[in-house]
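What follows is the content of entry14.cif (mmCIF, C-alpha atoms).
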```
data_work
#
loop_
_atom_site.label_atom_id
_atom_site.label_comp_id
_atom_site.auth_asym_id
_atom_site.auth_seq_id
_atom_site.Cartn_x
_atom_site.Cartn_y
_atom_site.Cartn_z
CA MET A 1 -1.03 -35.46 -45.79
CA SER A 2 -1.00 -35.45 -41.97
CA THR A 3 -3.89 -36.79 -39.97
CA PRO A 4 -5.82 -34.02 -38.16
CA PRO A 5 -5.76 -34.28 -34.36
CA SER A 6 -8.71 -35.88 -32.69
CA LYS A 7 -10.91 -33.92 -30.34
CA SER A 8 -9.84 -36.21 -27.49
CA ASN A 9 -6.18 -35.11 -27.87
CA MET A 10 -7.15 -31.44 -27.77
CA ALA A 11 -9.38 -32.01 -24.76
CA ILE A 12 -6.56 -33.76 -22.90
CA ALA A 13 -4.21 -30.84 -23.67
CA SER A 14 -6.73 -28.32 -22.36
CA ILE A 15 -7.31 -30.29 -19.16
CA PHE A 16 -3.53 -30.52 -18.69
CA ILE A 17 -3.18 -26.72 -18.87
CA ILE A 18 -6.02 -26.18 -16.40
CA PHE A 19 -4.48 -28.72 -14.00
CA LEU A 20 -1.09 -27.02 -14.13
CA THR A 21 -2.62 -23.60 -13.55
CA LEU A 22 -4.58 -24.76 -10.50
CA GLN A 23 -1.53 -26.50 -9.04
CA PHE A 24 0.60 -23.42 -9.57
CA LEU A 25 -1.93 -21.13 -7.90
CA SER A 26 -2.44 -23.46 -4.92
CA ILE A 27 1.31 -23.73 -4.25
CA THR A 28 1.71 -19.96 -4.54
CA GLU A 29 -1.17 -19.30 -2.13
CA ALA A 30 0.19 -21.80 0.39
CA GLN A 31 3.52 -19.96 0.44
CA SER A 32 2.03 -16.49 0.73
CA SER A 33 3.10 -15.93 4.33
CA ILE A 34 6.27 -17.99 4.66
CA CYS A 35 8.83 -16.08 6.72
CA ARG A 36 11.31 -18.18 8.66
CA ASN A 37 11.49 -17.02 12.29
CA SER A 38 14.85 -18.53 13.17
CA CYS A 39 18.23 -19.47 11.79
CA GLY A 40 19.94 -22.08 13.92
CA ASP A 41 19.41 -20.96 17.52
CA LEU A 42 18.99 -17.27 16.64
CA PRO A 43 15.47 -15.78 16.44
CA ILE A 44 14.57 -13.79 13.32
CA GLN A 45 12.05 -11.05 14.10
CA TYR A 46 11.04 -7.71 12.68
CA PRO A 47 12.82 -5.66 11.35
CA PHE A 48 14.89 -8.53 9.95
CA GLY A 49 14.02 -11.22 7.48
CA ILE A 50 15.99 -13.99 5.81
CA ASP A 51 13.35 -14.48 3.10
CA ASP A 52 12.85 -11.73 0.56
CA GLY A 53 9.76 -9.67 1.34
CA CYS A 54 9.93 -10.36 5.08
CA GLY A 55 10.77 -7.75 7.70
CA SER A 56 11.64 -4.16 6.85
CA PRO A 57 12.96 -3.19 3.40
CA TYR A 58 15.65 -1.17 5.20
CA TYR A 59 17.35 -4.48 6.07
CA ARG A 60 16.69 -6.32 2.83
CA HIS A 61 19.39 -8.87 1.88
CA ILE A 62 21.40 -7.94 5.01
CA LEU A 63 21.10 -11.24 6.88
CA VAL A 64 21.76 -14.58 5.19
CA CYS A 65 21.00 -18.02 6.63
CA THR A 66 23.27 -20.72 5.20
CA GLY A 67 23.28 -24.22 6.66
CA GLY A 68 21.81 -22.99 9.94
CA GLN A 69 24.50 -20.28 10.25
CA LEU A 70 23.33 -16.66 10.30
CA GLN A 71 25.65 -14.21 8.57
CA LEU A 72 25.74 -10.43 8.28
CA ARG A 73 26.52 -9.06 4.83
CA THR A 74 28.57 -5.87 4.62
CA PRO A 75 30.70 -4.27 1.88
CA SER A 76 33.77 -5.93 3.40
CA GLY A 77 32.36 -9.48 3.45
CA ARG A 78 30.12 -11.90 5.33
CA TYR A 79 30.49 -12.30 9.06
CA PRO A 80 29.09 -15.03 11.36
CA VAL A 81 26.49 -13.71 13.79
CA ARG A 82 27.12 -14.89 17.35
CA ASN A 83 24.22 -13.15 19.04
CA LEU A 84 21.19 -11.04 18.14
CA SER A 85 19.25 -8.92 20.63
CA TYR A 86 15.99 -7.07 20.03
CA ILE A 87 15.62 -5.69 23.59
CA ASP A 88 18.94 -3.87 23.40
CA PRO A 89 19.01 -3.75 19.59
CA HIS A 90 22.39 -5.00 18.41
CA ILE A 91 24.09 -7.77 16.47
CA LEU A 92 27.30 -9.36 17.65
CA VAL A 93 29.48 -10.65 14.84
CA THR A 94 32.92 -12.23 14.65
CA ASP A 95 35.58 -11.68 12.02
CA PRO A 96 37.65 -14.86 11.46
CA LEU A 97 40.46 -12.73 9.98
CA MET A 98 40.92 -10.64 13.11
CA TRP A 99 43.61 -11.47 15.62
CA ASN A 100 42.65 -13.96 18.33
CA CYS A 101 44.38 -15.45 21.35
CA LEU A 102 45.65 -18.48 19.43
CA ASP A 103 47.62 -16.21 17.07
CA GLY A 104 49.90 -14.86 19.77
CA ASP A 105 52.73 -12.97 18.09
CA ASN A 106 51.87 -14.43 14.67
CA PHE A 107 49.81 -11.90 12.73
CA ARG A 108 47.76 -13.08 9.76
CA PRO A 109 46.66 -10.87 6.85
CA THR A 110 43.41 -9.13 7.71
CA ARG A 111 40.94 -6.66 6.23
CA PRO A 112 39.10 -3.67 7.69
CA PHE A 113 35.54 -4.28 8.81
CA SER A 114 33.07 -1.84 7.26
CA LEU A 115 29.34 -1.12 7.19
CA ASP A 116 27.15 0.26 4.45
CA THR A 117 26.44 3.84 5.54
CA SER A 118 23.09 3.78 3.73
CA THR A 119 21.71 1.16 6.13
CA HIS A 120 20.35 1.66 9.65
CA PHE A 121 23.45 0.01 11.16
CA THR A 122 26.09 1.77 13.25
CA LEU A 123 29.26 0.55 14.92
CA SER A 124 28.67 0.57 18.65
CA HIS A 125 30.72 2.86 20.87
CA GLU A 126 31.04 -0.11 23.20
CA ASN A 127 33.65 -1.52 20.81
CA ASP A 128 37.35 -1.04 21.46
CA TYR A 129 39.95 -1.73 18.78
CA LEU A 130 43.41 -3.02 19.58
CA PHE A 131 46.21 -2.59 17.03
CA PHE A 132 49.43 -4.55 17.07
CA ASN A 133 53.00 -3.70 16.05
CA CYS A 134 52.15 -0.29 14.61
CA SER A 135 54.87 1.83 13.01
CA GLU A 136 55.58 4.63 15.46
CA THR A 137 56.84 6.81 12.63
CA ASP A 138 53.40 6.74 10.97
CA VAL A 139 51.06 6.24 13.94
CA LEU A 140 50.98 8.37 17.06
CA VAL A 141 51.50 5.68 19.70
CA GLU A 142 51.82 6.94 23.26
CA PRO A 143 50.11 6.66 26.64
CA LYS A 144 47.05 8.84 26.90
CA PRO A 145 47.09 11.32 29.78
CA MET A 146 44.49 11.01 32.52
CA PHE A 147 42.35 13.92 31.28
CA CYS A 148 41.55 11.89 28.12
CA GLU A 149 39.06 9.86 30.14
CA ARG A 150 37.04 13.03 30.75
CA PHE A 151 37.74 14.71 27.41
CA PRO A 152 38.18 11.87 24.88
CA ASP A 153 37.63 14.16 21.88
CA GLN A 154 40.92 15.90 22.63
CA CYS A 155 42.85 12.63 22.35
CA ASP A 156 41.26 11.03 19.28
CA SER A 157 44.43 10.98 17.20
CA THR A 158 46.44 8.98 19.74
CA CYS A 159 46.68 5.18 19.81
CA ASP A 160 46.84 4.53 23.54
CA SER A 161 49.74 2.26 24.46
CA SER A 162 48.71 2.22 28.12
CA SER A 163 45.20 0.95 27.39
CA TYR A 164 43.62 -1.26 30.04
CA LEU A 165 42.81 -3.89 27.40
CA CYS A 166 46.39 -3.96 26.12
CA ARG A 167 47.56 -4.60 29.69
CA HIS A 168 44.80 -7.12 30.37
CA MET A 169 44.10 -8.95 27.14
CA PRO A 170 40.70 -10.68 27.49
CA GLU A 171 40.96 -14.47 27.91
CA CYS A 172 44.73 -14.49 27.26
CA PRO A 173 46.67 -11.84 29.23
CA SER A 174 50.07 -13.29 28.26
CA ALA A 175 49.37 -13.97 24.56
CA LEU A 176 51.60 -11.11 23.37
CA ARG A 177 55.22 -11.67 24.35
CA SER A 178 57.24 -9.53 21.95
CA SER A 179 54.60 -7.41 20.19
CA SER A 180 53.33 -3.93 20.92
CA CYS A 181 49.68 -3.05 21.45
CA CYS A 182 47.69 0.18 21.45
CA SER A 183 44.01 1.07 21.58
CA TYR A 184 42.30 3.38 19.10
CA TYR A 185 38.69 3.97 18.03
CA PRO A 186 38.52 4.82 14.30
CA LYS A 187 35.54 7.02 13.49
CA ALA A 188 35.40 5.98 9.84
CA THR A 189 36.32 3.02 7.67
CA GLU A 190 39.04 5.07 5.99
CA SER A 191 40.71 5.66 9.36
CA LEU A 192 40.68 1.91 9.97
CA ARG A 193 42.25 1.26 6.57
CA LEU A 194 45.02 3.75 7.28
CA MET A 195 45.72 2.18 10.66
CA LEU A 196 46.00 -1.30 9.14
CA LYS A 197 48.34 0.08 6.51
CA HIS A 198 50.83 0.84 9.28
CA CYS A 199 49.95 -1.91 11.80
CA ALA A 200 50.45 -5.69 11.60
CA SER A 201 46.90 -6.60 12.62
CA TYR A 202 44.00 -5.66 14.88
CA THR A 203 41.11 -7.06 16.84
CA SER A 204 37.81 -5.79 18.21
CA VAL A 205 36.67 -6.09 21.82
CA TYR A 206 33.19 -5.14 22.96
CA TRP A 207 31.96 -4.59 26.48
CA ARG A 208 29.21 -7.07 27.28
CA ASN A 209 26.56 -6.00 29.77
CA LEU A 210 26.35 -8.40 32.70
CA GLY A 211 23.31 -6.86 34.36
CA SER A 212 24.99 -6.78 37.75
CA THR A 213 25.96 -3.88 40.02
CA PRO A 214 27.08 -0.72 38.16
CA ALA A 215 30.73 -1.05 39.19
CA PHE A 216 30.99 -4.55 37.68
CA ASP A 217 28.29 -4.55 35.02
CA GLN A 218 30.50 -5.04 31.95
CA ALA A 219 33.07 -7.56 30.79
CA PRO A 220 35.30 -7.43 27.68
CA GLU A 221 34.82 -10.07 24.98
CA TYR A 222 36.12 -10.43 21.43
CA GLY A 223 33.67 -9.48 18.69
CA ILE A 224 32.12 -6.56 16.87
CA ARG A 225 28.91 -5.05 18.20
CA VAL A 226 26.73 -3.50 15.51
CA ASP A 227 23.74 -1.47 16.68
CA PHE A 228 20.56 -1.21 14.62
CA ASP A 229 17.32 0.77 14.61
CA ILE A 230 13.87 -0.83 14.69
CA PRO A 231 11.56 1.18 12.40
CA VAL A 232 8.25 1.39 14.29
CA THR A 233 5.20 2.11 12.14
CA THR A 234 1.50 2.11 12.94
CA ARG A 235 0.80 -0.28 10.07
CA CYS A 236 3.31 -2.83 11.35
CA LEU A 237 1.93 -2.62 14.90
CA GLN A 238 -1.62 -3.14 13.58
CA CYS A 239 -0.42 -6.04 11.44
CA GLN A 240 1.22 -7.78 14.40
CA ASP A 241 -1.77 -7.17 16.71
CA ILE A 242 -3.26 -10.57 17.62
CA ALA A 243 -6.74 -9.01 17.79
CA LYS A 244 -6.34 -7.92 14.17
CA GLY A 245 -5.14 -11.29 12.91
CA GLY A 246 -1.54 -11.53 14.13
CA GLY A 247 0.21 -11.10 10.79
CA THR A 248 3.87 -10.68 9.92
CA CYS A 249 5.25 -7.36 8.76
CA GLY A 250 6.73 -7.51 5.28
CA PHE A 251 6.89 -5.69 1.99
CA ASP A 252 6.32 -6.08 -1.71
CA ALA A 253 9.66 -7.19 -3.15
CA GLU A 254 9.07 -5.22 -6.38
CA THR A 255 7.72 -1.91 -5.03
CA GLN A 256 8.93 -2.22 -1.40
CA ASP A 257 5.49 -1.07 -0.26
CA PHE A 258 4.28 -2.35 3.12
CA LEU A 259 2.46 -5.69 3.24
CA CYS A 260 0.96 -7.58 6.14
CA LEU A 261 1.69 -11.26 5.52
CA CYS A 262 -1.25 -13.45 6.56
CA ASP A 263 -2.14 -17.13 6.34
CA GLN A 264 -4.93 -16.41 3.86
CA GLY A 265 -2.93 -14.01 1.69
CA ASN A 266 -1.27 -10.64 2.02
CA SER A 267 -2.95 -7.38 3.05
CA THR A 268 -1.95 -3.76 2.77
CA THR A 269 -3.42 -3.13 6.25
CA TYR A 270 -3.92 -6.10 8.61
CA CYS A 271 -5.17 -9.66 8.33
CA ASN A 272 -8.71 -9.18 9.67
CA ASP A 273 -9.38 -6.03 7.67
CA HIS A 274 -12.01 -7.24 5.19
CA THR A 275 -12.36 -3.77 3.67
CA GLY A 276 -8.66 -3.29 2.98
CA SER A 277 -6.79 -4.37 -0.12
CA HIS A 278 -5.85 -8.05 -0.06
CA ARG A 279 -3.54 -9.81 -2.42
CA ARG A 280 -3.36 -13.49 -3.04
CA GLY A 281 0.03 -14.88 -3.80
CA VAL A 282 3.55 -15.14 -2.61
CA VAL A 283 5.87 -12.39 -1.53
CA ALA A 284 8.18 -12.00 -4.50
CA GLY A 285 11.32 -13.97 -3.99
CA THR A 286 10.03 -16.77 -1.75
CA ALA A 287 8.79 -19.06 -4.49
CA THR A 288 10.86 -18.15 -7.51
CA ALA A 289 11.57 -21.77 -8.36
CA VAL A 290 7.88 -22.65 -8.16
CA SER A 291 6.97 -19.67 -10.32
CA VAL A 292 9.49 -20.60 -12.98
CA ALA A 293 8.49 -24.26 -13.02
CA GLY A 294 4.79 -23.43 -13.11
CA ALA A 295 5.18 -20.86 -15.86
CA PHE A 296 7.28 -23.28 -17.90
CA GLY A 297 4.71 -26.06 -17.57
CA ILE A 298 1.80 -23.80 -18.50
CA GLY A 299 3.76 -22.37 -21.42
CA ALA A 300 4.56 -25.86 -22.70
CA GLY A 301 0.90 -26.82 -22.49
CA VAL A 302 -0.20 -23.72 -24.42
CA TRP A 303 2.42 -24.42 -27.10
CA TYR A 304 1.18 -28.01 -27.48
CA LEU A 305 -2.43 -26.88 -27.73
CA ARG A 306 -1.55 -24.36 -30.42
CA LYS A 307 0.31 -27.05 -32.30
CA LEU A 308 -2.77 -29.27 -32.25
CA ARG A 309 -4.97 -26.41 -33.41
CA ALA A 310 -2.60 -25.65 -36.25
CA LYS A 311 -3.11 -29.20 -37.60
CA ALA A 312 -6.89 -29.03 -37.29
CA PRO A 313 -8.90 -28.75 -40.54
CA VAL A 314 -9.91 -25.22 -41.55
CA THR A 315 -13.64 -24.72 -41.08
CA HIS A 316 -13.87 -20.92 -41.64
CA GLY A 317 -15.20 -20.37 -38.12
CA VAL A 318 -17.87 -23.04 -38.32
CA GLN A 319 -17.86 -25.26 -35.25
CA THR A 320 -18.69 -28.87 -36.03
CA ASN A 321 -18.52 -32.16 -34.19
CA GLU A 322 -15.07 -32.63 -35.69
CA ASN A 323 -13.41 -29.48 -34.39
CA ARG A 324 -15.09 -28.71 -31.06
CA LEU A 325 -12.99 -29.12 -27.90
CA PHE A 326 -15.68 -30.60 -25.65
#
```
Starting from the file, give its structure as structure tokens.
Amino acid sequence: MSTPPSKSNMAIASIFIIFLTLQFLSITEAQSSICRNSCGDLPIQYPFGIDDGCGSPYYRHILVCTGGQLQLRTPSGRYPVRNLSYIDPHILVTDPLMWNCLDGDNFRPTRPFSLDTSTHFTLSHENDYLFFNCSETDVLVEPKPMFCERFPDQCDSTCDSSSYLCRHMPECPSALRSSSCCSYYPKATESLRLMLKHCASYTSVYWRNLGSTPAFDQAPEYGIRVDFDIPVTTRCLQCQDIAKGGGTCGFDAETQDFLCLCDQGNSTTYCNDHTGSHRRGVVAGTATAVSVAGAFGIGAGVWYLRKLRAKAPVTHGVQTNENRLF
């Protein structure tokens, strides 16, 4: 016959559960407004977020920060982010598989860059695409006539062999010695795939604004410029207003409803709104590990307490000095 548990053991188990619960809640509350505002040297501001629940849900899981390196996720892969501007909203990314000056006439296998059409991203018209060693039996490669500069829509199907960029390759004008080059702007990912099916490789050049006189205000650089929209809402502006508490715009990771992330918890309006709906706790996704560990510890404590109660003598509901917890 087993010895019934003492009341001291059951009291210790109960205190242990209460301690775990309080610790779990305090950690969760402390993390309620954690949204990293940088990745390496790049600032992370609304509408973006690198922690789930931060920023706009339109850009959820789009940017990833790994080892201080910001990356853009697209259907065709992950791409290092070189620059990020919120004044002239765009992201500049690089594709390591694209041709670069060091390749010269050696063309490596590549893949077409693509964007998810359901997002608020668009390929900038300031990008130019250069294709190398294209099959002239499958691709219309020829110099574009002068009127194409005024009426580009009438010359869309031509890959321009007399392109300025082909004749003046940025950073390495003499990199191509025995290879052909033509310039073409594909309007869709499928067009880019078809071009790469008949060309050895390609690269992207964007025109960087220099902010100087209009005649010399742009310079070509390698990279892909991706433009983005900044969803402006009254609730987000109120949330960010310093006079109203200076919160961070975010969203509920389960429902994707708007949340204003504040130091003292999350609000559906703004931080200083004491009449609005406030929620204690973390934005889903930012403390998953803590939630799992806390839930496991509490669950283990409850199981142990039930085990002790199962061994306690049956008293038919009568509480005595032998079976009371405290």
Practice task
Apply the PyMOL selection byres ((chain A and resi 41-50) around 10) to the structure shown and report the selected residues as an MDAnalysis selection string.
Solution key: chainID A and resid 35:40 51:66 68:70 81:86 228:232 236 240 248:250
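Evaluated on this file, the PyMOL selection byres ((chain A and resi 93-107) around 7) matches Tyr79, Pro80, Val81, Arg82, Ile91, Leu92, Arg108, Pro109, Thr110, Cys172, Ala175, Leu176, Arg177, Ser178, Ser179, Ala200, Ser201, Tyr202, Thr203, Gly223, Ile224 and Arg225 of chain A.
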Practice task
Write out as a VMD selection string each polymer residue whose atoms come within 10 Å of segment 130-137 of chain A, counting only C-alpha atoms; drop sequence neighbours fewer than 2 positions from it.
Solution key: chain A and resid 99 105 107 127 to 128 139 to 142 159 to 161 163 165 to 166 169 176 178 to 185 195 to 205
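Rounded to one decimal, atom CA of Tyr222 of chain A and atom CA of Asn209 of chain A lie 13.4 Å from each other.
Interatomic distance, atom CA of Ala243 of chain A against atom CA of Thr255 of chain A: 27.9 Å.
Straight-line separation from atom CA of Arg208 of chain A to atom CA of Ser118 of chain A: 26.6 Å.
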